[in-house]
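Asker: What follows is query11.csv; its format and atoms are CSV, N, CA and C atoms and all ligand atoms.
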```
chain,number,residue,atom,x,y,z
A,265,MET,N,-6.5,-8.8,-4.9
A,265,MET,CA,-7.3,-8.3,-6.1
A,265,MET,C,-6.3,-8.1,-7.2
A,266,VAL,N,-6.8,-8.4,-8.4
A,266,VAL,CA,-5.9,-8.1,-9.6
A,266,VAL,C,-6.6,-7.2,-10.6
A,267,ALA,N,-5.7,-6.5,-11.3
A,267,ALA,CA,-6.2,-5.6,-12.4
A,267,ALA,C,-5.8,-6.4,-13.7
A,268,GLU,N,-6.8,-6.5,-14.6
A,268,GLU,CA,-6.6,-7.3,-15.8
A,268,GLU,C,-6.8,-6.4,-17.1
A,269,LEU,N,-5.9,-6.7,-18.1
A,269,LEU,CA,-6.1,-6.0,-19.4
A,269,LEU,C,-6.0,-7.1,-20.5
A,270,ASP,N,-7.1,-7.3,-21.2
A,270,ASP,CA,-7.1,-8.4,-22.2
A,270,ASP,C,-6.6,-9.7,-21.7
A,271,GLY,N,-7.1,-10.1,-20.5
A,271,GLY,CA,-6.7,-11.4,-19.9
A,271,GLY,C,-5.3,-11.4,-19.3
A,272,VAL,N,-4.6,-10.3,-19.3
A,272,VAL,CA,-3.3,-10.3,-18.7
A,272,VAL,C,-3.3,-9.5,-17.4
A,273,ILE,N,-2.7,-10.1,-16.4
A,273,ILE,CA,-2.7,-9.4,-15.1
A,273,ILE,C,-1.7,-8.2,-15.2
A,274,MET,N,-2.2,-7.0,-14.9
A,274,MET,CA,-1.3,-5.8,-15.0
A,274,MET,C,-1.0,-5.2,-13.6
A,275,GLY,N,-1.6,-5.8,-12.6
A,275,GLY,CA,-1.4,-5.2,-11.3
A,275,GLY,C,-2.1,-6.1,-10.2
A,276,SER,N,-1.5,-6.1,-9.0
A,276,SER,CA,-2.2,-6.8,-7.9
A,276,SER,C,-2.0,-6.0,-6.6
A,277,ALA,N,-3.0,-6.3,-5.7
A,277,ALA,CA,-3.0,-5.7,-4.4
A,277,ALA,C,-3.6,-6.6,-3.4
A,278,GLY,N,-3.1,-6.6,-2.2
A,278,GLY,CA,-3.6,-7.6,-1.2
A,278,GLY,C,-3.5,-7.1,0.2
A,279,LEU,N,-4.4,-7.7,1.0
A,279,LEU,CA,-4.4,-7.4,2.4
A,279,LEU,C,-3.9,-8.7,3.1
A,280,PHE,N,-3.0,-8.6,4.1
A,280,PHE,CA,-2.5,-9.7,4.7
A,280,PHE,C,-2.7,-9.6,6.2
A,281,PRO,N,-3.4,-10.5,6.9
A,281,PRO,CA,-3.7,-10.4,8.3
A,281,PRO,C,-2.4,-10.3,9.1
A,282,ILE,N,-2.4,-9.5,10.1
A,282,ILE,CA,-1.2,-9.3,10.9
A,282,ILE,C,-1.3,-10.3,12.1
A,283,GLY,N,-2.5,-10.6,12.5
A,283,GLY,CA,-2.6,-11.6,13.5
A,283,GLY,C,-4.0,-12.2,13.4
A,284,THR,N,-4.3,-13.3,14.1
A,284,THR,CA,-5.6,-13.9,14.0
A,284,THR,C,-6.3,-13.8,15.4
A,285,GLY,N,-5.5,-13.4,16.4
A,285,GLY,CA,-6.1,-13.3,17.8
A,285,GLY,C,-7.0,-12.1,17.9
A,286,ALA,N,-7.8,-12.1,19.0
A,286,ALA,CA,-8.8,-11.1,19.2
A,286,ALA,C,-8.2,-9.7,19.3
A,287,ARG,N,-7.0,-9.6,19.7
A,287,ARG,CA,-6.4,-8.3,19.9
A,287,ARG,C,-5.8,-7.7,18.7
A,288,THR,N,-5.6,-8.4,17.6
A,288,THR,CA,-4.9,-7.9,16.4
A,288,THR,C,-5.7,-8.1,15.1
A,289,ARG,N,-6.8,-8.8,15.2
A,289,ARG,CA,-7.4,-9.2,13.9
A,289,ARG,C,-8.1,-8.0,13.2
A,290,HIS,N,-8.2,-6.9,13.9
A,290,HIS,CA,-8.7,-5.7,13.2
A,290,HIS,C,-7.7,-5.0,12.3
A,291,ASN,N,-6.5,-5.6,12.2
A,291,ASN,CA,-5.4,-4.9,11.6
A,291,ASN,C,-4.8,-5.8,10.5
A,292,ALA,N,-4.5,-5.2,9.3
A,292,ALA,CA,-4.0,-5.9,8.2
A,292,ALA,C,-2.9,-5.1,7.5
A,293,MET,N,-2.0,-5.8,6.8
A,293,MET,CA,-0.9,-5.2,6.1
A,293,MET,C,-1.3,-5.1,4.6
A,294,PHE,N,-0.9,-4.1,3.9
A,294,PHE,CA,-1.3,-3.9,2.5
A,294,PHE,C,0.0,-3.9,1.6
A,295,GLY,N,-0.2,-4.5,0.5
A,295,GLY,CA,0.9,-4.5,-0.5
A,295,GLY,C,0.3,-4.3,-1.9
A,296,ILE,N,1.1,-3.7,-2.8
A,296,ILE,CA,0.6,-3.4,-4.2
A,296,ILE,C,1.7,-3.3,-5.2
A,297,ALA,N,1.5,-3.8,-6.4
A,297,ALA,CA,2.4,-3.6,-7.5
A,297,ALA,C,1.7,-3.5,-8.8
A,298,VAL,N,2.1,-2.6,-9.7
A,298,VAL,CA,1.5,-2.4,-11.0
A,298,VAL,C,2.6,-2.6,-12.0
A,299,HIS,N,2.2,-3.3,-13.1
A,299,HIS,CA,3.2,-3.6,-14.2
A,299,HIS,C,3.8,-2.3,-14.7
A,300,PRO,N,5.1,-2.2,-14.9
A,300,PRO,CA,5.8,-1.0,-15.4
A,300,PRO,C,5.1,-0.4,-16.6
A,301,ASP,N,4.6,-1.2,-17.5
A,301,ASP,CA,4.0,-0.7,-18.8
A,301,ASP,C,2.8,0.2,-18.5
A,302,VAL,N,2.1,0.0,-17.4
A,302,VAL,CA,0.9,0.8,-17.2
A,302,VAL,C,0.9,1.6,-15.9
A,303,GLN,N,2.1,1.8,-15.4
A,303,GLN,CA,2.2,2.7,-14.2
A,303,GLN,C,1.9,4.1,-14.5
A,304,GLY,N,1.2,4.8,-13.6
A,304,GLY,CA,0.8,6.2,-13.9
A,304,GLY,C,-0.5,6.3,-14.7
A,305,CYS,N,-1.2,5.2,-14.9
A,305,CYS,CA,-2.4,5.3,-15.7
A,305,CYS,C,-3.7,5.1,-14.9
A,306,GLY,N,-3.5,5.0,-13.6
A,306,GLY,CA,-4.7,4.9,-12.7
A,306,GLY,C,-5.0,3.5,-12.2
A,307,VAL,N,-4.2,2.5,-12.6
A,307,VAL,CA,-4.4,1.2,-12.1
A,307,VAL,C,-4.2,1.1,-10.6
A,308,GLY,N,-3.2,1.7,-10.1
A,308,GLY,CA,-2.9,1.6,-8.6
A,308,GLY,C,-4.1,2.3,-7.9
A,309,ASP,N,-4.6,3.4,-8.4
A,309,ASP,CA,-5.7,4.1,-7.8
A,309,ASP,C,-6.9,3.2,-7.7
A,310,ALA,N,-7.2,2.6,-8.8
A,310,ALA,CA,-8.4,1.7,-8.9
A,310,ALA,C,-8.2,0.5,-7.9
A,311,LEU,N,-7.1,-0.1,-7.9
A,311,LEU,CA,-6.8,-1.2,-7.0
A,311,LEU,C,-7.0,-0.8,-5.5
A,312,LEU,N,-6.3,0.3,-5.2
A,312,LEU,CA,-6.4,0.7,-3.8
A,312,LEU,C,-7.8,1.1,-3.4
A,313,GLY,N,-8.5,1.8,-4.3
A,313,GLY,CA,-9.9,2.1,-4.0
A,313,GLY,C,-10.7,0.9,-3.7
A,314,ALA,N,-10.5,-0.2,-4.5
A,314,ALA,CA,-11.3,-1.4,-4.3
A,314,ALA,C,-10.8,-2.1,-3.0
A,315,ILE,N,-9.6,-2.0,-2.6
A,315,ILE,CA,-9.1,-2.6,-1.4
A,315,ILE,C,-9.7,-1.9,-0.2
A,316,VAL,N,-9.7,-0.6,-0.2
A,316,VAL,CA,-10.2,0.2,0.9
A,316,VAL,C,-11.7,-0.1,1.1
A,317,THR,N,-12.4,-0.2,0.0
A,317,THR,CA,-13.9,-0.5,0.1
A,317,THR,C,-14.1,-1.9,0.7
A,318,HIS,N,-13.2,-2.8,0.3
A,318,HIS,CA,-13.3,-4.2,0.8
A,318,HIS,C,-13.0,-4.2,2.3
A,319,ALA,N,-11.9,-3.5,2.7
A,319,ALA,CA,-11.5,-3.5,4.1
A,319,ALA,C,-12.5,-2.9,5.0
A,320,ASP,N,-13.2,-1.8,4.5
A,320,ASP,CA,-14.2,-1.1,5.4
A,320,ASP,C,-15.5,-1.9,5.4
A,321,GLY,N,-15.9,-2.3,4.2
A,321,GLY,CA,-17.3,-2.8,4.1
A,321,GLY,C,-17.5,-4.3,4.2
A,322,TRP,N,-16.4,-5.0,4.0
A,322,TRP,CA,-16.6,-6.5,4.0
A,322,TRP,C,-15.8,-7.2,5.0
A,323,LEU,N,-14.6,-6.7,5.4
A,323,LEU,CA,-13.7,-7.3,6.3
A,323,LEU,C,-13.8,-6.8,7.7
A,324,GLY,N,-14.4,-5.6,7.8
A,324,GLY,CA,-14.5,-4.9,9.1
A,324,GLY,C,-13.2,-4.6,9.7
A,325,LEU,N,-12.2,-4.3,8.9
A,325,LEU,CA,-10.9,-3.9,9.4
A,325,LEU,C,-10.9,-2.5,10.0
A,326,GLN,N,-10.2,-2.3,11.0
A,326,GLN,CA,-10.2,-0.9,11.6
A,326,GLN,C,-8.9,-0.2,11.2
A,327,ARG,N,-7.9,-1.0,10.8
A,327,ARG,CA,-6.6,-0.4,10.5
A,327,ARG,C,-5.9,-1.2,9.4
A,328,VAL,N,-5.4,-0.5,8.4
A,328,VAL,CA,-4.6,-1.1,7.4
A,328,VAL,C,-3.2,-0.4,7.4
A,329,GLU,N,-2.1,-1.1,7.4
A,329,GLU,CA,-0.8,-0.5,7.5
A,329,GLU,C,0.1,-0.9,6.3
A,330,LEU,N,1.1,-0.2,6.1
A,330,LEU,CA,2.1,-0.5,5.0
A,330,LEU,C,3.4,0.2,5.3
A,331,ASP,N,4.4,-0.3,4.6
A,331,ASP,CA,5.7,0.4,4.5
A,331,ASP,C,6.0,0.8,3.1
A,332,VAL,N,6.6,2.0,3.0
A,332,VAL,CA,7.0,2.5,1.6
A,332,VAL,C,8.3,3.1,1.7
A,333,PHE,N,9.2,2.9,0.7
A,333,PHE,CA,10.5,3.5,0.7
A,333,PHE,C,10.3,5.1,0.7
A,334,VAL,N,11.2,5.8,1.4
A,334,VAL,CA,11.0,7.2,1.6
A,334,VAL,C,11.0,8.0,0.3
A,335,ASP,N,11.7,7.4,-0.8
A,335,ASP,CA,11.8,8.2,-2.0
A,335,ASP,C,10.7,7.7,-3.1
A,336,ASN,N,9.8,6.9,-2.6
A,336,ASN,CA,8.7,6.4,-3.6
A,336,ASN,C,7.5,7.4,-3.5
A,337,ASP,N,7.7,8.6,-4.1
A,337,ASP,CA,6.7,9.6,-4.0
A,337,ASP,C,5.4,9.2,-4.7
A,338,ARG,N,5.5,8.5,-5.8
A,338,ARG,CA,4.3,8.1,-6.5
A,338,ARG,C,3.4,7.3,-5.6
A,339,ALA,N,4.0,6.3,-4.9
A,339,ALA,CA,3.2,5.4,-4.0
A,339,ALA,C,2.7,6.2,-2.8
A,340,ARG,N,3.6,7.0,-2.2
A,340,ARG,CA,3.1,7.7,-1.0
A,340,ARG,C,2.0,8.7,-1.3
A,341,VAL,N,2.0,9.4,-2.4
A,341,VAL,CA,0.9,10.3,-2.8
A,341,VAL,C,-0.4,9.5,-3.0
A,342,LEU,N,-0.2,8.4,-3.7
A,342,LEU,CA,-1.4,7.5,-3.9
A,342,LEU,C,-2.0,7.1,-2.5
A,343,TYR,N,-1.2,6.6,-1.6
A,343,TYR,CA,-1.7,6.2,-0.3
A,343,TYR,C,-2.3,7.3,0.5
A,344,GLU,N,-1.7,8.5,0.4
A,344,GLU,CA,-2.3,9.7,1.1
A,344,GLU,C,-3.7,10.0,0.6
A,345,ARG,N,-3.8,9.9,-0.8
A,345,ARG,CA,-5.1,10.2,-1.4
A,345,ARG,C,-6.2,9.3,-0.9
A,346,HIS,N,-5.8,8.1,-0.4
A,346,HIS,CA,-6.8,7.1,0.0
A,346,HIS,C,-6.8,7.0,1.6
A,347,GLY,N,-6.3,8.1,2.2
A,347,GLY,CA,-6.5,8.2,3.7
A,347,GLY,C,-5.4,7.7,4.6
A,348,PHE,N,-4.3,7.2,3.9
A,348,PHE,CA,-3.2,6.8,4.8
A,348,PHE,C,-2.4,8.0,5.3
A,349,VAL,N,-1.9,7.9,6.5
A,349,VAL,CA,-1.1,9.0,7.1
A,349,VAL,C,0.3,8.4,7.5
A,350,LEU,N,1.2,9.3,7.6
A,350,LEU,CA,2.6,8.9,8.0
A,350,LEU,C,2.6,8.6,9.5
A,351,GLU,N,3.2,7.5,9.9
A,351,GLU,CA,3.3,7.3,11.4
A,351,GLU,C,4.7,7.3,11.8
A,352,GLY,N,5.7,7.2,10.9
A,352,GLY,CA,7.1,7.2,11.4
A,352,GLY,C,8.0,6.8,10.3
A,353,ARG,N,9.3,6.9,10.6
A,353,ARG,CA,10.3,6.5,9.6
A,353,ARG,C,11.2,5.5,10.2
A,354,ALA,N,11.4,4.4,9.5
A,354,ALA,CA,12.3,3.3,9.9
A,354,ALA,C,13.6,3.4,9.1
A,355,ARG,N,14.7,3.3,9.8
A,355,ARG,CA,16.0,3.5,9.1
A,355,ARG,C,16.5,2.2,8.6
A,356,MET,N,17.1,2.3,7.4
A,356,MET,CA,17.9,1.2,6.8
A,356,MET,C,17.1,-0.1,6.8
A,357,THR,N,15.9,-0.1,6.3
A,357,THR,CA,15.0,-1.3,6.3
A,357,THR,C,15.4,-2.3,5.2
A,358,ALA,N,16.0,-1.8,4.1
A,358,ALA,CA,16.2,-2.8,3.0
A,358,ALA,C,17.5,-2.3,2.3
A,359,MET,N,18.1,-3.3,1.7
A,359,MET,CA,19.3,-3.0,0.8
A,359,MET,C,18.7,-2.8,-0.6
A,360,ARG,N,19.2,-1.7,-1.3
A,360,ARG,CA,18.8,-1.5,-2.7
A,360,ARG,C,20.1,-1.0,-3.5
A,361,ARG,N,20.4,-1.7,-4.5
A,361,ARG,CA,21.6,-1.4,-5.3
A,361,ARG,C,22.8,-0.9,-4.5
A,362,GLY,N,23.1,-1.7,-3.4
A,362,GLY,CA,24.3,-1.5,-2.7
A,362,GLY,C,24.2,-0.5,-1.5
A,363,THR,N,23.1,0.1,-1.3
A,363,THR,CA,22.9,1.0,-0.1
A,363,THR,C,21.6,0.7,0.6
A,364,TYR,N,21.6,1.0,1.9
A,364,TYR,CA,20.4,0.8,2.6
A,364,TYR,C,19.4,2.0,2.5
A,365,VAL,N,18.1,1.6,2.4
A,365,VAL,CA,17.1,2.6,2.2
A,365,VAL,C,16.2,2.7,3.4
A,366,ASP,N,15.7,3.9,3.8
A,366,ASP,CA,14.7,4.0,4.9
A,366,ASP,C,13.3,3.8,4.3
A,367,SER,N,12.4,3.5,5.2
A,367,SER,CA,11.0,3.4,4.9
A,367,SER,C,10.1,4.2,5.8
A,368,PHE,N,9.0,4.7,5.2
A,368,PHE,CA,8.0,5.3,6.0
A,368,PHE,C,7.0,4.2,6.4
A,369,ALA,N,6.5,4.3,7.7
A,369,ALA,CA,5.4,3.5,8.1
A,369,ALA,C,4.2,4.3,7.9
A,370,MET,N,3.1,3.8,7.2
A,370,MET,CA,1.9,4.5,7.0
A,370,MET,C,0.7,3.6,7.4
A,371,ALA,N,-0.4,4.3,7.8
A,371,ALA,CA,-1.5,3.5,8.2
A,371,ALA,C,-2.8,4.3,7.9
A,372,ARG,N,-3.9,3.6,7.7
A,372,ARG,CA,-5.2,4.2,7.5
A,372,ARG,C,-6.1,3.6,8.5
A,373,LEU,N,-6.8,4.4,9.3
A,373,LEU,CA,-7.8,3.9,10.2
A,373,LEU,C,-9.2,4.0,9.6
A,374,ARG,N,-10.1,3.1,9.8
A,374,ARG,CA,-11.4,3.1,9.2
A,374,ARG,C,-12.1,4.4,9.6
A,375,PRO,N,-12.6,5.2,8.7
A,375,PRO,CA,-13.2,6.5,9.0
A,375,PRO,C,-14.5,6.3,9.9
A,401,LIG,C1,3.2,2.7,-6.7
A,401,LIG,C2,2.2,2.1,-7.7
A,401,LIG,C3,1.5,0.9,-7.1
A,401,LIG,C4,1.2,3.2,-8.1
A,401,LIG,O1,0.3,2.6,-9.1
A,401,LIG,P1,0.0,3.4,-10.4
A,401,LIG,O2,-1.0,2.6,-11.2
A,401,LIG,O3,1.3,3.7,-11.1
A,401,LIG,O4,-0.6,4.7,-9.8
A,401,LIG,P2,-1.8,5.6,-10.4
A,401,LIG,O5,-1.5,5.9,-11.9
A,401,LIG,O6,-3.1,5.1,-10.0
A,401,LIG,O7,-1.6,7.0,-9.5
A,401,LIG,C5,-0.3,7.5,-9.4
A,401,LIG,C6,-0.5,9.0,-8.9
A,401,LIG,O8,0.7,9.5,-8.5
A,401,LIG,C7,1.1,10.6,-9.3
A,401,LIG,N1,2.5,10.6,-9.4
A,401,LIG,C8,3.2,10.0,-10.3
A,401,LIG,N2,4.6,10.1,-10.1
A,401,LIG,C9,4.7,10.9,-9.0
A,401,LIG,C10,5.7,11.5,-8.3
A,401,LIG,N3,7.0,11.3,-8.7
A,401,LIG,N4,5.5,12.3,-7.2
A,401,LIG,C11,4.2,12.5,-6.8
A,401,LIG,N5,3.1,12.0,-7.5
A,401,LIG,C12,3.4,11.2,-8.6
A,401,LIG,C13,0.4,10.5,-10.6
A,401,LIG,O9,0.2,11.7,-11.2
A,401,LIG,C14,-0.9,9.9,-10.1
A,401,LIG,O10,-1.7,10.9,-9.6
A,401,LIG,P3,-3.0,11.4,-10.4
A,401,LIG,O11,-3.9,10.2,-10.5
A,401,LIG,O12,-3.5,12.5,-9.6
A,401,LIG,O13,-2.4,11.8,-11.8
A,401,LIG,C15,3.0,1.6,-9.0
A,401,LIG,O14,3.6,2.7,-9.7
A,401,LIG,C16,4.0,0.5,-8.8
A,401,LIG,O15,3.7,-0.7,-8.8
A,401,LIG,N6,5.2,0.9,-8.6
A,401,LIG,C17,6.3,0.0,-8.4
A,401,LIG,C18,6.1,-0.9,-7.1
A,401,LIG,C19,5.8,-0.1,-5.9
A,401,LIG,O16,6.4,1.0,-5.7
A,401,LIG,N7,4.9,-0.6,-5.1
A,401,LIG,C20,4.6,0.0,-3.9
A,401,LIG,C21,5.5,-0.3,-2.8
A,401,LIG,S1,5.1,0.4,-1.2
```
Show how you would write the structure in this file as structure tokens.
Ligand SMILES: CC(C)(COP(=O)(O)OP(=O)(O)OC[C@H]1O[C@@H](n2cnc3c(N)ncnc32)[C@H](O)[C@@H]1OP(=O)(O)O)[C@@H](O)C(=O)NCCC(=O)NCCS
Answerer:
Amino acid sequence: MVAELDGVIMGSAGLFPIGTGARTRHNAMFGIAVHPDVQGCGVGDALLGAIVTHADGWLGLQRVELDVFVDNDRARVLYERHGFVLEGRARMTAMRRGTYVDSFAMARLRP
């Protein structure tokens, strides 16, 4: 899904299947990014709300999961507001400006 302002894409969010087999097709990975000019204005909230509605009501997903850097408070708070909970911490998952950063694993089960 995309968020648009005057014909310009200002944010996007997507669900990516984790598997297509019977045992894993209830599960998808989630990703989101909002243009820096409009961060903190509710675009992420609107996109995630639409994604969750789509996952529950149209795709029949039972589980949506994501990874978020441990210091990304804005994203984590947004995810928690939409029903995602912390499942664990993965150490040194990515390099950022010369050091490795940990990530939280989060997931939301269909209510
Ligand atoms: C994370 C991101 C998707 C959120 O989208 P957004 O449009 O900026 O978020 P919204 O404005 O809808 O909501 C952010 C909420 O977090 C709150 N918030 C902002 N900074 C915060 C902080 N440092 N700590 C806690 N909460 C914070 C805001 O107050 C807002 O809550 P409110 O609606 O109650 O006021 C967006 O900022 C982004 O793309 N960031 C860079 C890429 C990224 O981090 N992607 C996610 C990777 S997992």
Asker: List every residue of chain A that has an atom at most 6.5 Å from any atom of ligand LIG 401 (chain A), and for each one report the closest atom pair and its distance in Å to one decimal, counting only N, CA and C atoms and all ligand atoms, with rows sorted by chain and then by increasing residue number, as CSV.
Answerer:
```
residue,atom,partner,partner_atom,distance
A:Gly295,C,A:LIG401,C20,6.4
A:Ile296,C,A:LIG401,N7,4.2
A:Ala297,CA,A:LIG401,O15,3.4
A:Val298,N,A:LIG401,O15,2.6
A:His299,N,A:LIG401,O15,5.2
A:Pro300,N,A:LIG401,O15,6.4
A:Val302,C,A:LIG401,O2,5.2
A:Gln303,CA,A:LIG401,O3,3.4
A:Gly304,N,A:LIG401,O3,2.7
A:Cys305,N,A:LIG401,O5,3.1
A:Gly306,N,A:LIG401,O5,2.8
A:Val307,N,A:LIG401,O2,3.5
A:Gly308,N,A:LIG401,O2,2.6
A:Asp309,N,A:LIG401,O6,2.8
A:Ala310,N,A:LIG401,O6,4.9
A:Asp331,C,A:LIG401,S1,4.4
A:Val332,CA,A:LIG401,S1,4.0
A:Phe333,N,A:LIG401,S1,5.2
A:Asn336,CA,A:LIG401,O16,6.2
A:Asp337,C,A:LIG401,N4,4.0
A:Arg338,CA,A:LIG401,C9,3.8
A:Ala339,CA,A:LIG401,C1,3.8
A:Arg340,N,A:LIG401,C1,6.2
A:Val341,CA,A:LIG401,N5,5.5
A:Leu342,N,A:LIG401,O8,5.0
```
Asker: Just list the residues in chain A DSSP gives helix (DSSP H, G or I) on the backbone, as a list in words.
Answerer: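 Matching residues, listed in order: Pro300, Asp301, Val302, Val307, Gly308, Asp309, Ala310, Leu311, Leu312, Gly313, Ala314, Ile315, Val316, Thr317, His318, Ala319, Asp320, Gly321, Asp337, Arg338, Ala339, Arg340, Val341, Leu342, Tyr343, Glu344 and Arg345 of chain A.
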Asker: Take the residues just selected and output them with N, CA and C atoms as a compact mmCIF listing (two decimals), in the coordinates of the input.
Answerer:
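Saved as part_17.txt:
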```
# COMPACT_ATOMS: atom_id res chain seq x y z
N PRO A 300 5.10 -2.20 -14.90
CA PRO A 300 5.80 -1.00 -15.40
C PRO A 300 5.10 -0.40 -16.60
N ASP A 301 4.60 -1.20 -17.50
CA ASP A 301 4.00 -0.70 -18.80
C ASP A 301 2.80 0.20 -18.50
N VAL A 302 2.10 0.00 -17.40
CA VAL A 302 0.90 0.80 -17.20
C VAL A 302 0.90 1.60 -15.90
N VAL A 307 -4.20 2.50 -12.60
CA VAL A 307 -4.40 1.20 -12.10
C VAL A 307 -4.20 1.10 -10.60
N GLY A 308 -3.20 1.70 -10.10
CA GLY A 308 -2.90 1.60 -8.60
C GLY A 308 -4.10 2.30 -7.90
N ASP A 309 -4.60 3.40 -8.40
CA ASP A 309 -5.70 4.10 -7.80
C ASP A 309 -6.90 3.20 -7.70
N ALA A 310 -7.20 2.60 -8.80
CA ALA A 310 -8.40 1.70 -8.90
C ALA A 310 -8.20 0.50 -7.90
N LEU A 311 -7.10 -0.10 -7.90
CA LEU A 311 -6.80 -1.20 -7.00
C LEU A 311 -7.00 -0.80 -5.50
N LEU A 312 -6.30 0.30 -5.20
CA LEU A 312 -6.40 0.70 -3.80
C LEU A 312 -7.80 1.10 -3.40
N GLY A 313 -8.50 1.80 -4.30
CA GLY A 313 -9.90 2.10 -4.00
C GLY A 313 -10.70 0.90 -3.70
N ALA A 314 -10.50 -0.20 -4.50
CA ALA A 314 -11.30 -1.40 -4.30
C ALA A 314 -10.80 -2.10 -3.00
N ILE A 315 -9.60 -2.00 -2.60
CA ILE A 315 -9.10 -2.60 -1.40
C ILE A 315 -9.70 -1.90 -0.20
N VAL A 316 -9.70 -0.60 -0.20
CA VAL A 316 -10.20 0.20 0.90
C VAL A 316 -11.70 -0.10 1.10
N THR A 317 -12.40 -0.20 0.00
CA THR A 317 -13.90 -0.50 0.10
C THR A 317 -14.10 -1.90 0.70
N HIS A 318 -13.20 -2.80 0.30
CA HIS A 318 -13.30 -4.20 0.80
C HIS A 318 -13.00 -4.20 2.30
N ALA A 319 -11.90 -3.50 2.70
CA ALA A 319 -11.50 -3.50 4.10
C ALA A 319 -12.50 -2.90 5.00
N ASP A 320 -13.20 -1.80 4.50
CA ASP A 320 -14.20 -1.10 5.40
C ASP A 320 -15.50 -1.90 5.40
N GLY A 321 -15.90 -2.30 4.20
CA GLY A 321 -17.30 -2.80 4.10
C GLY A 321 -17.50 -4.30 4.20
N ASP A 337 7.70 8.60 -4.10
CA ASP A 337 6.70 9.60 -4.00
C ASP A 337 5.40 9.20 -4.70
N ARG A 338 5.50 8.50 -5.80
CA ARG A 338 4.30 8.10 -6.50
C ARG A 338 3.40 7.30 -5.60
N ALA A 339 4.00 6.30 -4.90
CA ALA A 339 3.20 5.40 -4.00
C ALA A 339 2.70 6.20 -2.80
N ARG A 340 3.60 7.00 -2.20
CA ARG A 340 3.10 7.70 -1.00
C ARG A 340 2.00 8.70 -1.30
N VAL A 341 2.00 9.40 -2.40
CA VAL A 341 0.90 10.30 -2.80
C VAL A 341 -0.40 9.50 -3.00
N LEU A 342 -0.20 8.40 -3.70
CA LEU A 342 -1.40 7.50 -3.90
C LEU A 342 -2.00 7.10 -2.50
N TYR A 343 -1.20 6.60 -1.60
CA TYR A 343 -1.70 6.20 -0.30
C TYR A 343 -2.30 7.30 0.50
N GLU A 344 -1.70 8.50 0.40
CA GLU A 344 -2.30 9.70 1.10
C GLU A 344 -3.70 10.00 0.60
N ARG A 345 -3.80 9.90 -0.80
CA ARG A 345 -5.10 10.20 -1.40
C ARG A 345 -6.20 9.30 -0.90
```
Asker: Write down as a ChimeraX atom specification the residues of chain A whose backbone DSSP state falls under strand (DSSP E or B).
Answerer: /A:266-269,272-281,291-298,327-333,349-360,363-373
Asker: Considering all atoms listed in the file, return as number ranges by chain whatever protein or nucleic-acid residues lie within 6.5 Å of Arg289 (chain A), sequence-local ones (same chain, fewer than 5 positions apart) excluded.
Answerer: A: 282-284, 325-326
Asker: The selected residues should be written to file as a PDB file, keeping the file's coordinate frame (atoms: N, CA and C atoms).
Answerer:
```
ATOM      1  N   ILE A 282      -2.400  -9.500  10.100  1.00  0.00           N
ATOM      2  CA  ILE A 282      -1.200  -9.300  10.900  1.00  0.00           C
ATOM      3  C   ILE A 282      -1.300 -10.300  12.100  1.00  0.00           C
ATOM      4  N   GLY A 283      -2.500 -10.600  12.500  1.00  0.00           N
ATOM      5  CA  GLY A 283      -2.600 -11.600  13.500  1.00  0.00           C
ATOM      6  C   GLY A 283      -4.000 -12.200  13.400  1.00  0.00           C
ATOM      7  N   THR A 284      -4.300 -13.300  14.100  1.00  0.00           N
ATOM      8  CA  THR A 284      -5.600 -13.900  14.000  1.00  0.00           C
ATOM      9  C   THR A 284      -6.300 -13.800  15.400  1.00  0.00           C
ATOM     10  N   LEU A 325     -12.200  -4.300   8.900  1.00  0.00           N
ATOM     11  CA  LEU A 325     -10.900  -3.900   9.400  1.00  0.00           C
ATOM     12  C   LEU A 325     -10.900  -2.500  10.000  1.00  0.00           C
ATOM     13  N   GLN A 326     -10.200  -2.300  11.000  1.00  0.00           N
ATOM     14  CA  GLN A 326     -10.200  -0.900  11.600  1.00  0.00           C
ATOM     15  C   GLN A 326      -8.900  -0.200  11.200  1.00  0.00           C
TER      16      GLN A 326
END
```
Asker: Could you name the residues that touch Ala319 (chain A) at 12 Å or less, counting only C-alpha atoms, but leaving out those on the same chain fewer than 3 positions away, as a ChimeraX atom specification?
Answerer: /A:278-281,290-294,312-316,322-329,372-375
Asker: Between atom N of Arg360 (chain A) and atom C of Val334 (chain A), what distance in Å does the model show, to one decimal?
Answerer: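 Atom-to-atom, atom N of Arg360 (chain A) to atom C of Val334 (chain A), that is 12.8 Å.
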Asker: What is the distance, in Å and to one decimal place, between CA of Leu330 (chain A) and CA of Met370 (chain A)?
Answerer: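 These atoms are spaced 5.4 Å apart.
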Asker: How many Å lie between CA of Gly321 (chain A) and CA of Gly285 (chain A), rounded to one decimal?
Answerer: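 So the two atoms, CA of Gly321 (chain A) and CA of Gly285 (chain A), lie 20.6 Å apart.
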Asker: Identify, on the basis of only N, CA and C atoms, every residue whose closest approach to Arg355 (chain A) does not exceed 6 Å; exclude the query and any residue fewer than 3 positions from it along the same chain; express the result as a PyMOL selection string.
Answerer: chain A and resi 365-367
